[in-house]
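S.K.: The file below is structure.txt, compact mmCIF, C-alpha atoms:
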# COMPACT_ATOMS: atom_id res chain seq x y z
CA MET A 1 3.04 -2.95 26.34
CA SER A 2 1.30 -0.53 24.03
CA LEU A 3 3.09 -1.50 20.83
CA LEU A 4 0.92 -4.47 19.98
CA LEU A 5 2.40 -5.39 16.62
CA PHE A 6 5.84 -5.11 15.04
CA ARG A 7 5.40 -5.74 11.34
CA VAL A 8 7.58 -5.89 8.24
CA ASP A 9 5.52 -4.95 5.19
CA ASP A 10 7.05 -3.40 2.09
CA ARG A 11 3.74 -1.76 1.14
CA LEU A 12 3.99 0.15 4.41
CA ILE A 13 0.64 1.66 5.43
CA HIS A 14 -2.10 -0.04 3.42
CA GLY A 15 -5.39 -1.87 3.82
CA GLN A 16 -4.06 -4.98 5.56
CA VAL A 17 -2.35 -2.84 8.17
CA VAL A 18 -5.06 -0.26 8.81
CA ILE A 19 -8.12 -2.46 8.41
CA GLY A 20 -6.89 -6.06 8.69
CA TRP A 21 -4.78 -5.57 11.82
CA GLY A 22 -5.71 -2.09 12.99
CA ARG A 23 -9.39 -2.74 13.58
CA PRO A 24 -9.14 -5.94 15.66
CA LEU A 25 -6.26 -4.50 17.67
CA GLY A 26 -8.10 -1.23 18.24
CA ILE A 27 -5.03 0.86 17.51
CA ASP A 28 -4.57 4.53 18.31
CA PHE A 29 -1.31 5.08 16.44
CA ILE A 30 0.99 3.70 13.76
CA VAL A 31 4.74 4.30 13.79
CA LEU A 32 6.18 4.02 10.29
CA VAL A 33 9.94 3.59 10.43
CA ASP A 34 11.29 4.42 7.00
CA ASP A 35 14.20 6.77 6.36
CA ALA A 36 12.99 7.79 2.88
CA VAL A 37 9.38 8.48 3.83
CA ARG A 38 10.58 10.41 6.88
CA GLU A 39 12.20 12.88 4.47
CA SER A 40 9.26 13.14 2.04
CA SER A 41 6.35 15.30 3.16
CA TRP A 42 4.22 14.48 0.10
CA GLU A 43 4.57 10.74 0.69
CA GLN A 44 3.61 11.29 4.31
CA ASP A 45 0.49 13.15 3.17
CA ILE A 46 -0.51 10.23 0.96
CA TYR A 47 0.07 7.64 3.69
CA ARG A 48 -2.03 9.73 6.09
CA MET A 49 -4.90 9.82 3.57
CA GLY A 50 -5.71 6.18 4.17
CA VAL A 51 -5.75 6.30 7.94
CA PRO A 52 -8.83 7.32 9.93
CA PRO A 53 -8.35 10.70 11.63
CA GLU A 54 -8.54 9.17 15.10
CA ILE A 55 -5.39 7.15 14.40
CA GLU A 56 -2.15 9.10 14.68
CA VAL A 57 0.62 8.35 12.19
CA ILE A 58 4.17 8.93 13.36
CA PHE A 59 6.94 8.99 10.75
CA ALA A 60 10.37 8.15 12.07
CA ASN A 61 13.79 7.27 10.77
CA ARG A 62 15.76 4.45 12.38
CA GLU A 63 17.57 6.76 14.77
CA GLU A 64 14.37 8.44 15.94
CA ALA A 65 12.67 5.09 16.35
CA ALA A 66 15.45 3.78 18.57
CA ARG A 67 15.36 7.03 20.58
CA ASP A 68 11.56 7.25 21.01
CA PHE A 69 10.73 3.57 21.36
CA ALA A 70 10.47 3.71 25.16
CA GLN A 71 7.98 6.56 24.92
CA TRP A 72 5.75 4.63 22.47
CA SER A 73 5.95 1.36 24.36
CA GLY A 74 5.21 3.10 27.65
CA SER A 75 2.21 4.92 26.27
CA SER A 76 -1.28 4.04 27.44
CA ARG A 77 -2.36 4.08 23.77
CA ARG A 78 -2.25 1.07 21.46
CA GLY A 79 0.04 1.08 18.46
CA ILE A 80 1.70 -0.73 15.57
CA LEU A 81 5.36 -0.28 14.63
CA LEU A 82 5.83 -0.87 10.94
CA SER A 83 8.79 -0.96 8.59
CA GLY A 84 9.28 -1.95 4.99
CA SER A 85 12.35 -4.08 5.43
CA VAL A 86 13.89 -6.81 7.51
CA ASP A 87 17.08 -4.72 7.59
CA THR A 88 15.33 -1.90 9.43
CA MET A 89 13.83 -4.18 12.06
CA ALA A 90 17.17 -5.92 12.54
CA ALA A 91 18.85 -2.54 12.95
CA LEU A 92 16.28 -1.49 15.54
CA SER A 93 16.78 -4.74 17.41
CA GLU A 94 20.55 -4.20 17.32
CA ALA A 95 20.01 -0.67 18.64
CA GLY A 96 18.26 -2.05 21.70
CA VAL A 97 14.61 -1.83 20.69
CA ALA A 98 12.90 -4.68 22.56
CA ILE A 99 10.80 -6.51 19.98
CA PRO A 100 8.96 -9.42 21.57
CA ARG A 101 7.38 -10.76 18.38
CA LEU A 102 8.04 -9.83 14.78
CA ASN A 103 5.32 -10.23 12.18
CA LEU A 104 6.43 -10.78 8.58
CA GLY A 105 3.45 -9.42 6.72
CA GLY A 106 4.61 -8.79 3.19
CA VAL A 107 7.99 -8.74 1.48
CA HIS A 108 7.68 -9.09 -2.25
CA HIS A 109 9.87 -10.34 -5.03
CA ASN A 110 13.16 -8.68 -5.86
CA PRO A 111 16.33 -10.03 -7.43
CA GLY A 112 18.02 -12.40 -5.00
CA ARG A 113 14.90 -13.10 -3.01
CA VAL A 114 13.42 -16.60 -2.83
CA GLU A 115 9.72 -17.30 -2.35
CA ARG A 116 8.98 -18.58 1.14
CA LEU A 117 5.23 -17.88 1.02
CA PRO A 118 3.12 -16.22 -1.69
CA TYR A 119 3.47 -12.89 0.13
CA LEU A 120 6.95 -13.43 1.50
CA TYR A 121 10.20 -13.44 -0.45
CA LEU A 122 13.50 -13.31 1.43
CA THR A 123 17.16 -13.30 0.51
CA ASP A 124 19.49 -15.60 2.40
CA GLU A 125 20.90 -12.53 4.13
CA GLU A 126 17.43 -11.44 5.30
CA LEU A 127 16.82 -14.94 6.57
CA ARG A 128 20.12 -14.83 8.43
CA LEU A 129 19.15 -11.53 10.07
CA LEU A 130 15.80 -12.97 11.14
CA GLU A 131 17.44 -16.07 12.57
CA LYS A 132 19.81 -13.83 14.49
CA MET A 133 16.86 -11.85 15.88
CA GLU A 134 15.17 -15.09 16.91
CA ARG A 135 18.32 -16.25 18.71
CA SER A 136 18.26 -12.97 20.63
CA GLY A 137 14.73 -13.70 21.86
CA VAL A 138 12.43 -12.28 19.18
CA GLU A 139 9.64 -14.63 18.13
CA VAL A 140 9.48 -14.35 14.33
CA THR A 141 6.40 -15.48 12.43
CA ALA A 142 4.90 -14.87 9.00
CA GLN A 143 1.23 -13.92 8.96
CA ASP A 144 -0.35 -11.52 6.48
CA LEU A 145 -3.66 -11.14 8.32
CA PRO A 146 -4.91 -11.96 11.82
CA THR A 147 -7.24 -14.59 10.36
CA ALA A 148 -4.32 -16.48 8.77
CA THR A 149 -2.30 -19.14 10.58
CA PRO A 150 1.09 -17.82 11.72
CA MET A 151 4.08 -19.65 10.29
CA ALA A 152 7.20 -20.04 12.39
CA LEU A 153 10.48 -18.84 10.91
CA LYS A 154 11.95 -22.34 10.89
CA ALA A 155 9.11 -23.46 8.60
CA LEU A 156 10.23 -20.89 6.03
CA VAL A 157 13.84 -22.02 5.80
CA MET B 1 -9.17 18.14 -30.19
CA SER B 2 -7.15 16.74 -27.28
CA GLU B 3 -5.22 13.52 -27.45
CA THR B 4 -7.39 10.63 -26.25
CA VAL B 5 -6.86 9.91 -22.58
CA ARG B 6 -5.93 6.36 -21.66
CA GLY B 7 -7.56 4.86 -18.57
CA VAL B 8 -5.71 2.65 -16.12
CA VAL B 9 -7.61 0.96 -13.30
CA ALA B 10 -5.27 -0.04 -10.46
CA CYS B 11 -6.93 -2.02 -7.70
CA HIS B 12 -6.55 -4.72 -5.11
CA GLY B 13 -6.95 -8.33 -6.21
CA ARG B 14 -9.07 -8.83 -9.32
CA LEU B 15 -11.26 -5.79 -8.86
CA ALA B 16 -9.84 -3.86 -11.84
CA GLU B 17 -10.51 -6.70 -14.28
CA ALA B 18 -14.05 -7.10 -12.97
CA LEU B 19 -14.81 -3.38 -13.20
CA ILE B 20 -13.48 -3.17 -16.75
CA ASP B 21 -15.44 -6.24 -17.77
CA ALA B 22 -18.61 -4.57 -16.45
CA VAL B 23 -17.81 -1.28 -18.23
CA GLU B 24 -17.30 -3.08 -21.53
CA ARG B 25 -20.54 -5.04 -21.14
CA ILE B 26 -22.51 -1.87 -20.40
CA SER B 27 -20.88 0.60 -22.78
CA GLY B 28 -19.84 -1.69 -25.60
CA ILE B 29 -16.51 0.18 -25.68
CA LYS B 30 -13.55 -2.14 -25.45
CA GLY B 31 -9.89 -1.36 -24.92
CA ALA B 32 -10.29 2.07 -23.32
CA LEU B 33 -9.27 0.82 -19.88
CA VAL B 34 -6.28 -1.26 -18.81
CA PRO B 35 -6.39 -3.28 -15.55
CA VAL B 36 -3.54 -3.36 -13.04
CA THR B 37 -3.51 -5.52 -9.94
CA ASN B 38 -1.35 -5.00 -6.89
CA SER B 39 -1.28 -8.74 -6.19
CA GLU B 40 2.08 -10.31 -5.44
CA CYS B 41 4.17 -7.19 -5.87
CA ASP B 42 5.75 -4.40 -3.89
CA LYS B 43 5.08 -0.74 -4.55
CA GLY B 44 7.95 -0.47 -7.03
CA LEU B 45 6.52 -3.19 -9.21
CA ILE B 46 2.99 -1.77 -8.97
CA GLU B 47 4.37 1.56 -10.19
CA GLN B 48 6.09 -0.22 -13.05
CA ARG B 49 2.86 -1.99 -14.00
CA ILE B 50 0.94 1.29 -13.95
CA ALA B 51 3.63 3.06 -16.00
CA THR B 52 3.52 0.35 -18.65
CA ALA B 53 -0.27 0.48 -18.78
CA ALA B 54 -0.33 4.29 -18.93
CA GLY B 55 2.21 4.64 -21.73
CA ALA B 56 3.59 8.03 -22.76
CA GLY B 57 0.43 9.95 -23.54
CA PRO B 58 -2.18 11.47 -21.26
CA ALA B 59 -3.53 8.91 -18.82
CA MET B 60 -5.91 8.77 -15.93
CA VAL B 61 -5.16 6.27 -13.20
CA PHE B 62 -8.15 5.15 -11.15
CA THR B 63 -7.39 3.56 -7.78
CA ASP B 64 -9.86 1.83 -5.49
CA LEU B 65 -8.97 3.19 -2.07
CA PRO B 66 -7.84 6.73 -1.23
CA SER B 67 -4.78 5.10 0.33
CA GLY B 68 -2.58 2.08 0.04
CA SER B 69 -0.13 0.63 -2.41
CA CYS B 70 -2.05 1.41 -5.62
CA LEU B 71 -2.43 5.08 -4.75
CA ILE B 72 1.15 5.47 -3.53
CA ALA B 73 2.47 3.92 -6.72
CA ALA B 74 0.18 5.98 -8.97
CA ALA B 75 0.89 9.23 -7.12
CA THR B 76 4.63 8.59 -7.25
CA LEU B 77 4.41 8.08 -11.00
CA ALA B 78 2.20 11.15 -11.48
CA ARG B 79 4.80 13.32 -9.75
CA ARG B 80 7.29 12.37 -12.45
CA GLN B 81 4.90 12.37 -15.39
CA ASN B 82 2.76 15.45 -15.92
CA ALA B 83 0.48 13.64 -18.32
CA ILE B 84 -0.91 11.41 -15.57
CA VAL B 85 -3.76 12.29 -13.24
CA VAL B 86 -4.87 10.06 -10.37
CA VAL B 87 -8.47 9.66 -9.26
CA THR B 88 -9.27 7.58 -6.16
CA GLY B 89 -12.45 5.81 -5.08
CA VAL B 90 -13.16 4.28 -8.46
CA ASN B 91 -16.69 3.07 -9.12
CA LEU B 92 -18.55 1.74 -12.13
CA ALA B 93 -20.43 4.96 -12.87
CA MET B 94 -17.17 6.88 -12.98
CA LEU B 95 -15.57 4.47 -15.42
CA ILE B 96 -18.57 4.40 -17.72
CA ASP B 97 -18.54 8.18 -17.83
CA PHE B 98 -14.81 8.12 -18.53
CA VAL B 99 -14.99 5.95 -21.63
CA PHE B 100 -17.41 8.44 -23.21
CA HIS B 101 -15.29 11.53 -22.41
CA ARG B 102 -11.75 10.51 -23.26
CA GLU B 103 -11.41 13.22 -25.88
CA LEU B 104 -11.59 16.03 -23.31
CA PRO B 105 -8.44 17.61 -21.86
CA LEU B 106 -7.05 15.55 -18.97
CA ALA B 107 -7.99 18.00 -16.21
CA GLU B 108 -11.53 18.27 -17.51
CA VAL B 109 -11.94 14.50 -17.68
CA ALA B 110 -10.75 14.24 -14.07
CA ALA B 111 -13.30 16.76 -12.82
CA HIS B 112 -16.03 15.15 -14.92
CA VAL B 113 -15.51 11.60 -13.74
CA ALA B 114 -15.04 12.60 -10.11
CA ALA B 115 -18.42 14.36 -10.26
CA SER B 116 -20.02 11.29 -11.85
CA GLY B 117 -18.55 9.02 -9.22
CA HIS B 118 -19.87 11.19 -6.39
CA LYS B 119 -23.27 11.53 -8.01
CA ALA B 120 -23.66 7.76 -8.24
CA ILE B 121 -23.44 7.36 -4.47
CA GLN B 122 -26.94 7.72 -3.14
CA VAL B 123 -29.21 6.32 -0.49
CA PRO B 124 -32.50 5.70 -2.32
CA GLY B 125 -35.75 6.13 -0.46
Will you turn the file into structure tokens for me?
M.R.:
Amino acid sequence: MSLLLFRVDDRLIHGQVVIGWGRPLGIDFIVLVDDAVRESSWEQDIYRMGVPPEIEVIFANREEAARDFAQWSGSSRRGILLSGSVDTMAALSEAGVAIPRLNLGGVHHNPGRVERLPYLYLTDEELRLLEKMERSGVEVTAQDLPTATPMALKALV
Amino acid sequence: MSETVRGVVACHGRLAEALIDAVERISGIKGALVPVTNSECDKGLIEQRIATAAGAGPAMVFTDLPSGSCLIAAATLARRQNAIVVVTGVNLAMLIDFVFHRELPLAEVAAHVAASGHKAIQVPG
């Protein structure tokens, strides 16, 4: 499997992703699944700025991600699939994207969200979606960095 | 004379506060720079923090990395507000230079501090 990490992080491509996870995993590409960024060339330029040139950044919307997932997962290169929301990952899972493990790396405060960890705030609906994913076979854990201890979803409820 | 440029330092963790503290200790000029941290917030809230710190007048937003949440938030804001310029790769030399040149037009200050920042990076010996 060449997609080594499936991560939810509302800061999208930033230091924890590129350096914190990217270096130890030795990644060759990052797939950013975000409908808004997919439509914004200037935002794509900024996200690319922070990624070393040897790492490819692929911008996809949900539909493209579901369509091209097999190609990425079958690649001999090593990658991370990243989205900013639980909703997007749940939608991909519903669309048949086989996510073995889901990393909750950073979802910050918004109205309706409750603090589960200092870097993780979830609404009850987001929690319900994650529980549904787990029932379908996805192992869901919260872990901001590889050096941190992963927390099981049930510990966050 | 141009309107005085306000400086906003937007960084990871407590870096902005530490940099500003060092600038004030070295230059003796207080209040020219406002710290913003990206801790415990998403990019929308970082943008809001930067906007509040920048105010309505001309402002220069310094970010630490040429990527990441601080830059995305600052660049998003600068697209809406013409009076904001973003400079990445902040260092102490750049900020010290900034506090002494805040009366220059915004574009000139940006070029000036970027040159100072580059010049400060050396390998002695």
S.K.: Tell me as a list of chain:residue names which residues belonging to chain B come within 10 Å of chain A, counting all atoms listed in the file.
M.R.: B:His12, B:Ser39, B:Glu40, B:Cys41, B:Asp42, B:Lys43, B:Gly44, B:Leu45, B:Leu65, B:Pro66, B:Ser67, B:Gly68, B:Ser69, B:Cys70, B:Leu71, B:Ile72, B:Ala73, B:Ala75, B:Thr76, B:Arg79
S.K.: Could you list, as a PyMOL selection string, every residue within 9 Å of region 19-31 of chain B, counting all atoms listed in the file and ignoring same-chain residues fewer than 6 positions away?
M.R.: chain B and resi 9+91-93+95-96+99-100
S.K.: Select, from A:Arg62, A:Arg78, A:Lys154, A:Arg38, the residue with the minimum atom-to-atom distance to Arg116 (chain A), counting all atoms listed in the file.
M.R.: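 Using all atoms listed in the file, the shortest distance to Arg116 (chain A) belongs to A:Lys154.
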S.K.: Quote the spacing between CA of Ala66 (chain A) and CA of Ser83 (chain A) in Å to one decimal place.
M.R.: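 So the answer is 12.9 Å.
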S.K.: Find the distance between CA of Leu77 (chain B) and CA of Glu39 (chain A) and write it in Å to one decimal.
M.R.: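 Rounded to one decimal, the two atoms are 18.0 Å apart.
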S.K.: Any idea what the distance is between CA of Leu104 (chain B) and CA of Ala83 (chain B)?
M.R.: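 About the pair CA of Leu104 (chain B) and CA of Ala83 (chain B): they are 13.3 Å apart.
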S.K.: So which residues touch Gly26 (chain A) within 10 Å, counting all atoms listed in the file, skipping near sequence neighbours fewer than 4 positions away, as a list in words?
M.R.: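 The filter keeps Leu4, Val18, Ile19, Trp21, Gly22, Ile55, Arg77, Arg78 and Gly79 of chain A.
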S.K.: Might you pull out every residue within 7 Å of Leu102 (chain A), with all atoms listed in the file counted and same-chain residues fewer than 5 positions away left off, and present them as a PyMOL selection string?
M.R.: chain A and resi 6-7+138-141
S.K.: Next, the residues of the selection above should be written as a CSV table (one decimal), in the coordinates of the input with C-alpha atoms.
M.R.:
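This is the output file part23.csv:
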chain,number,residue,atom,x,y,z
A,6,PHE,CA,5.8,-5.1,15.0
A,7,ARG,CA,5.4,-5.7,11.3
A,138,VAL,CA,12.4,-12.3,19.2
A,139,GLU,CA,9.6,-14.6,18.1
A,140,VAL,CA,9.5,-14.4,14.3
A,141,THR,CA,6.4,-15.5,12.4
S.K.: Can you patch up region 87-103 of chain A, filling it in to N, CA and C atoms, and show the result as a CSV table (one decimal), in the coordinates of the input?
M.R.:
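In the end it all went to out07.csv:
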chain,number,residue,atom,x,y,z
A,87,ASP,N,15.9,-5.5,7.2
A,87,ASP,CA,17.1,-4.7,7.6
A,87,ASP,C,16.8,-3.7,8.7
A,88,THR,N,15.7,-3.0,8.5
A,88,THR,CA,15.3,-1.9,9.4
A,88,THR,C,15.0,-2.5,10.8
A,89,MET,N,14.2,-3.6,10.8
A,89,MET,CA,13.8,-4.2,12.1
A,89,MET,C,15.1,-4.8,12.8
A,90,ALA,N,15.9,-5.4,12.0
A,90,ALA,CA,17.2,-5.9,12.5
A,90,ALA,C,18.0,-4.8,13.1
A,91,ALA,N,18.1,-3.7,12.4
A,91,ALA,CA,18.8,-2.5,13.0
A,91,ALA,C,18.3,-2.0,14.2
A,92,LEU,N,16.9,-2.0,14.3
A,92,LEU,CA,16.3,-1.5,15.5
A,92,LEU,C,16.6,-2.5,16.7
A,93,SER,N,16.5,-3.7,16.4
A,93,SER,CA,16.8,-4.7,17.4
A,93,SER,C,18.2,-4.6,17.9
A,94,GLU,N,19.1,-4.4,17.0
A,94,GLU,CA,20.6,-4.2,17.3
A,94,GLU,C,20.7,-3.0,18.2
A,95,ALA,N,19.9,-1.9,17.9
A,95,ALA,CA,20.0,-0.7,18.6
A,95,ALA,C,19.3,-0.7,20.0
A,96,GLY,N,18.8,-1.9,20.4
A,96,GLY,CA,18.3,-2.0,21.7
A,96,GLY,C,16.8,-2.0,21.8
A,97,VAL,N,16.1,-1.9,20.7
A,97,VAL,CA,14.6,-1.8,20.7
A,97,VAL,C,14.1,-3.3,21.0
A,98,ALA,N,13.4,-3.4,22.1
A,98,ALA,CA,12.9,-4.7,22.6
A,98,ALA,C,11.7,-5.1,21.8
A,99,ILE,N,11.9,-6.0,20.8
A,99,ILE,CA,10.8,-6.5,20.0
A,99,ILE,C,10.4,-7.9,20.5
A,100,PRO,N,9.3,-8.1,21.1
A,100,PRO,CA,9.0,-9.4,21.6
A,100,PRO,C,8.6,-10.4,20.5
A,101,ARG,N,7.8,-9.9,19.5
A,101,ARG,CA,7.4,-10.8,18.4
A,101,ARG,C,7.5,-9.9,17.1
A,102,LEU,N,8.0,-10.5,16.1
A,102,LEU,CA,8.0,-9.8,14.8
A,102,LEU,C,7.1,-10.5,13.8
A,103,ASN,N,6.3,-9.7,13.2
A,103,ASN,CA,5.3,-10.2,12.2
A,103,ASN,C,5.8,-9.9,10.8
